[in-house]
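Peer 1: Here it is: the structure, laid out below.
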Amino acid sequence: MSMTYRKFINKYIELPQHEISKAQKDGEFDGKKNIPKANENEVSGAILKILTDARSAWDKYLSEKKNYLSDIKKKLSDTEYDIDTNISAEIQKESSKLDAEQALYINQEGNQSSKHEKLEEDLQNAKIDYDRLRSELNRPVLTKFEKFYLPFLLILSLAEIPVNRKAFALFFTGEGYVLLVLAIAVGAMLIFFSHIIGHLVREAGSNDSPPNLRTKQYMGISSISIVVIVLVYILALMRQKLADVEKAGGTFEDLVANGGVQNFQEALFTPLGTDGAILLVLNMTIIAAGIIASFFRHDPHPYYEKVTQTYNKLRDQSFQMKQKVEDELNNIQEKYNKKLESTRNREQNLNKDRDNLLKEVEAIQENDKEDFKNVINSVDRLILSYETANASIREDKAPVFFKKNNSSKIREFLVK
């Protein structure tokens with residue numbers, strides 16, 4: 001607590017010895033002259049000056065204390081206004097901003113957004129299809145090695161390259177990159193056909209497949225199988241023709257001179273020997289491996305796996321979207337909580353300031369009584385010191401007012 005307003009009565013709060021000595025000397029000085037006179041009834045002279053000085057100091061003390069107390073009460077009023085009005089307004093404002101920001105995000109990205117509604121609609125439709133098929137089939141999706149299927153097909157396609165490369169040497173002598181491209185293309189096509197055949201065989205051989213698709217499945221198997229067999233057999237004949245030319249000692253120049261069409265026609269009528277048979281067996285083995293892999297990879301029902309994948313994908317997307325929305329709303333809430341924490345800390349500090357100000361007002365009021373009592377006691381000591389020294393040395397009787405009660409006389413003088 002500040003003590004500035006108490007500076008005017010500091011000497012009365014802790015009365016210095018030199019003030020007492022001065023009062024005694026003044027009493028002795030006036031006593032030698034019999035001052036004040038014995039018949040005087042009212043205080044005068046040095047005693048009146050002691051009282052006047054004390055009253056002046058007390059009046060200044062009261063005036064300064066009043067101003068100081070007014071400043072404290074103004075600070076207290078401002079602090080209470082901050083607590084009751086400004087803090088509440090800030091909390092309300094931040095709460096409104098939180099609601100607005102969360103509502104905006106929900107409308108743009110959350111469950112009220114068009115994107116979310118579209119995803120939920122697709123998910124519900126996919127779930128209806130999934131539940132219907134699962135209820136009809138009463139089993140899980142029957143697939144195997146999904147992760148390894150495509151790499152395995154790629155390996156089979158690469159295996160077709162060296163197998164079929166020499167089959168095209170009959171037409172593209174010396175052009176290695178052309179042979180490579182053709183071998184890759186034919187290999188990819190054969191593996192693709194084996195993939196389709198295996199898939200169709202898996203579906204056609206199961207009672208889960210819709211009956212109305214059975215004819216189309218068998219037609220697909222038959223037509224693609226015929227294409228594959230014809231293609232593989234022609235490749236075998238082309239390889240056999242090249243092998244026969246090499247064994248007969250012919251040159252590539254002779255083949256080139258015959259032309260590609262004539263060579264192809266001759267290849268079609270070439271008897272299948274060992275080299276061609278080996279190529280045929282290798283191709284059929286690779287194609288069979290692809291068909292078997294495709295058979296076990298796919299579900300017997302033509303739509304069940306796709307419907308399940310679609311449903312699972314949409315369900316995962318829905319979960320991720322909800323998780324993202326929840327995380328973002330939590331981030332928005334966390335930002336609000338930090339601001340609210342800062343406001344609450346300021347409110348806590350303001351409450352401490354208010355408590356300190358109230359304590360200071362209470363302390364001022366308590367010190368007021370104690371200060372008044374100290375001033376009266378100190379002035380009484382000064383007057384008593386003066387009167388004692390004066391009466392001890394004067395020749396006349398002491399004035400009548402020396403016998404009056406000093407405390408009541410001082411109190412009356414200070415407050416009148």
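Every chain in the structure tokens takes a letter, A first, then B, and so on in the order presented; its residues are numbered from 1, and the ligands are numbered from 1 following the presented order.
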Do a neighbour search on segment 273-283 of chain A at 9 Å with only C-alpha atoms, toss out local chain neighbours closer than 2 positions, and write the hits as an NGL selection string.
Peer 2: :A and (160 or 163-164 or 167 or 190 or 232-233 or 235-241 or 243-244 or 270-271 or 285-288)
Peer 1: Output C-alpha atoms for every residue in that selection, as a PDB file, in the first residue's frame.
Peer 2:
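So again-v5.pdb came out as:
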```
ATOM      1  CA  GLU A 160       6.538 -64.330 -73.330  1.00  0.00           C
ATOM      2  CA  VAL A 163       9.644 -67.179 -76.183  1.00  0.00           C
ATOM      3  CA  ASN A 164       8.013 -65.360 -79.105  1.00  0.00           C
ATOM      4  CA  ALA A 167       8.880 -66.177 -84.279  1.00  0.00           C
ATOM      5  CA  LEU A 190      -1.815 -63.360 -74.653  1.00  0.00           C
ATOM      6  CA  VAL A 232      -0.234 -69.476 -80.523  1.00  0.00           C
ATOM      7  CA  TYR A 233      -0.303 -72.113 -83.286  1.00  0.00           C
ATOM      8  CA  LEU A 235       3.501 -68.345 -83.760  1.00  0.00           C
ATOM      9  CA  ALA A 236       4.647 -71.960 -83.487  1.00  0.00           C
ATOM     10  CA  LEU A 237       4.488 -72.388 -87.296  1.00  0.00           C
ATOM     11  CA  MET A 238       6.418 -69.152 -87.821  1.00  0.00           C
ATOM     12  CA  ARG A 239       9.093 -70.338 -85.395  1.00  0.00           C
ATOM     13  CA  GLN A 240       9.201 -73.736 -87.139  1.00  0.00           C
ATOM     14  CA  LYS A 241       9.610 -72.123 -90.563  1.00  0.00           C
ATOM     15  CA  ALA A 243      14.101 -73.204 -87.781  1.00  0.00           C
ATOM     16  CA  ASP A 244      13.649 -75.156 -91.033  1.00  0.00           C
ATOM     17  CA  THR A 270       4.957 -75.864 -92.686  1.00  0.00           C
ATOM     18  CA  PRO A 271       4.672 -79.132 -90.708  1.00  0.00           C
ATOM     19  CA  THR A 285       2.042 -73.312 -70.352  1.00  0.00           C
ATOM     20  CA  ILE A 286       2.379 -69.579 -69.726  1.00  0.00           C
ATOM     21  CA  ILE A 287      -1.214 -68.965 -70.838  1.00  0.00           C
ATOM     22  CA  ALA A 288      -2.436 -71.809 -68.610  1.00  0.00           C
TER      23      ALA A 288
END
```
Peer 1: Would you list the contacts of segment 325-341 of chain A as a PDB file with C-alpha atoms, in the first residue's frame, taking every protein, DNA or RNA residue within 9 Å and counting only C-alpha atoms, but skipping same-chain residues closer than 2 positions in sequence?
Peer 2:
```
ATOM      1  CA  GLU A  90     -14.804 -10.952 -25.038  1.00  0.00           C
ATOM      2  CA  ILE A  91     -15.874 -14.477 -24.074  1.00  0.00           C
ATOM      3  CA  GLU A  94     -14.974 -15.478 -29.111  1.00  0.00           C
ATOM      4  CA  SER A  95     -17.762 -17.998 -28.525  1.00  0.00           C
ATOM      5  CA  LYS A  97     -16.652 -16.579 -33.635  1.00  0.00           C
ATOM      6  CA  LEU A  98     -16.113 -20.231 -32.683  1.00  0.00           C
ATOM      7  CA  GLU A 101     -16.140 -20.731 -37.861  1.00  0.00           C
ATOM      8  CA  GLN A 102     -17.242 -24.270 -37.030  1.00  0.00           C
ATOM      9  CA  TYR A 105     -16.383 -25.371 -41.976  1.00  0.00           C
ATOM     10  CA  ILE A 106     -19.234 -27.861 -41.509  1.00  0.00           C
ATOM     11  CA  GLU A 109     -16.366 -29.543 -45.678  1.00  0.00           C
ATOM     12  CA  GLY A 110     -18.512 -31.240 -43.024  1.00  0.00           C
ATOM     13  CA  ASN A 111     -21.730 -33.205 -42.952  1.00  0.00           C
ATOM     14  CA  GLN A 320     -11.528 -40.346 -43.431  1.00  0.00           C
ATOM     15  CA  MET A 321     -13.720 -37.351 -44.222  1.00  0.00           C
ATOM     16  CA  LYS A 322     -15.413 -37.550 -40.820  1.00  0.00           C
ATOM     17  CA  GLN A 323     -12.034 -37.917 -39.131  1.00  0.00           C
ATOM     18  CA  THR A 343      -8.961 -14.216 -21.373  1.00  0.00           C
ATOM     19  CA  ARG A 344      -9.503 -16.292 -18.247  1.00  0.00           C
ATOM     20  CA  ASN A 345      -5.941 -15.585 -17.119  1.00  0.00           C
ATOM     21  CA  ARG A 346      -6.559 -11.882 -17.597  1.00  0.00           C
TER      22      ARG A 346
END
```
Peer 1: Near Ala38 of chain A, counting only C-alpha atoms, which residues have an atom at most 10 Å away, once you skip same-chain residues fewer than 5 positions from it, shown as a PyMOL selection string?
Peer 2: chain A and resi 396-402
Peer 1: Nearest residue to Ile155 of chain A out of A:Ile191, A:Val375, A:Leu314, A:Val228, using only C-alpha atoms?
Peer 2: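 The answer is A:Ile191, which sits nearest to Ile155 of chain A.
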Peer 1: Let me make sure I understand: among A:Leu414, A:Leu231, A:Leu142, A:Ala159, which one has the smallest atom-to-atom distance to Phe372 of chain A if we use only C-alpha atoms?
Peer 2: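 Smallest distance to Phe372 of chain A is found for A:Leu414.
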Peer 1: Given the choices A:Ala89, A:Ser114, A:Lys74, A:Ser407, which gets closest to Leu384 of chain A if the distance is worked out from only C-alpha atoms?
Peer 2: A:Ser407
Peer 1: Going by DSSP on the backbone, which residues of segment 89-335 of chain A come out as alpha helix (DSSP H)? List them as a PyMOL selection string.
Peer 2: chain A and resi 89-108+114-137+146-165+176-204+214-248+252-258+260-268+274-297+304-335
Peer 1: Find the residues near Tyr12 of chain A: any atom within 12 Å, counting only C-alpha atoms, skip ones fewer than 6 places away on the same chain, and give them as a list in words.
Peer 2: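 Near Tyr12 of chain A, the qualifying residues are Arg6, Glu19, Ile20, Ile50, Leu51, Asp53, Ala54, Arg55, Ala57, Trp58, Tyr61, Glu370, Asp371, Phe372, Lys373, Asn374, Val375, Ile376, Asn377, Ser378, Val379, Asp380, Arg381 and Leu382 of chain A.
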Peer 1: For segment 292-305 of chain A, please output as a compact mmCIF listing (two decimals) with C-alpha atoms, in the first residue's frame all residues within 9 Å (counting only C-alpha atoms; exclusion window: fewer than 6 positions along the same chain).
Peer 2:
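part-v2.txt, freshly written:
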```
# COMPACT_ATOMS: atom_id res chain seq x y z
CA TYR A 130 -23.45 -54.86 -50.97
CA LEU A 133 -25.50 -59.45 -52.69
CA ARG A 134 -24.09 -60.59 -49.36
CA LEU A 137 -24.70 -65.22 -51.61
CA VAL A 141 -15.69 -62.44 -51.34
CA LEU A 142 -13.68 -65.43 -52.59
CA THR A 143 -10.44 -64.05 -53.94
CA LYS A 144 -6.78 -64.92 -53.44
CA PHE A 145 -3.38 -63.23 -53.68
CA GLU A 146 -4.84 -59.86 -54.81
CA TYR A 149 -1.76 -61.00 -59.05
CA PHE A 152 2.57 -62.26 -61.50
CA LEU A 153 0.87 -61.30 -64.80
CA SER A 194 -5.61 -65.60 -70.26
CA HIS A 195 -6.80 -63.14 -67.63
CA ILE A 196 -10.19 -62.80 -69.34
CA ILE A 197 -10.56 -66.55 -69.90
CA GLY A 198 -9.73 -67.39 -66.28
CA HIS A 199 -12.18 -64.76 -65.04
CA LEU A 200 -14.98 -66.03 -67.30
CA VAL A 201 -14.32 -69.70 -66.42
CA ARG A 202 -14.50 -68.81 -62.71
CA GLU A 203 -17.86 -67.10 -63.18
CA ALA A 204 -19.38 -69.61 -65.61
CA GLY A 205 -18.52 -72.56 -63.41
CA SER A 206 -20.30 -71.19 -60.34
CA ASN A 207 -23.95 -71.24 -59.37
CA ASP A 208 -23.48 -67.71 -57.94
CA SER A 209 -23.30 -66.24 -61.43
CA PRO A 210 -26.60 -64.95 -62.80
```
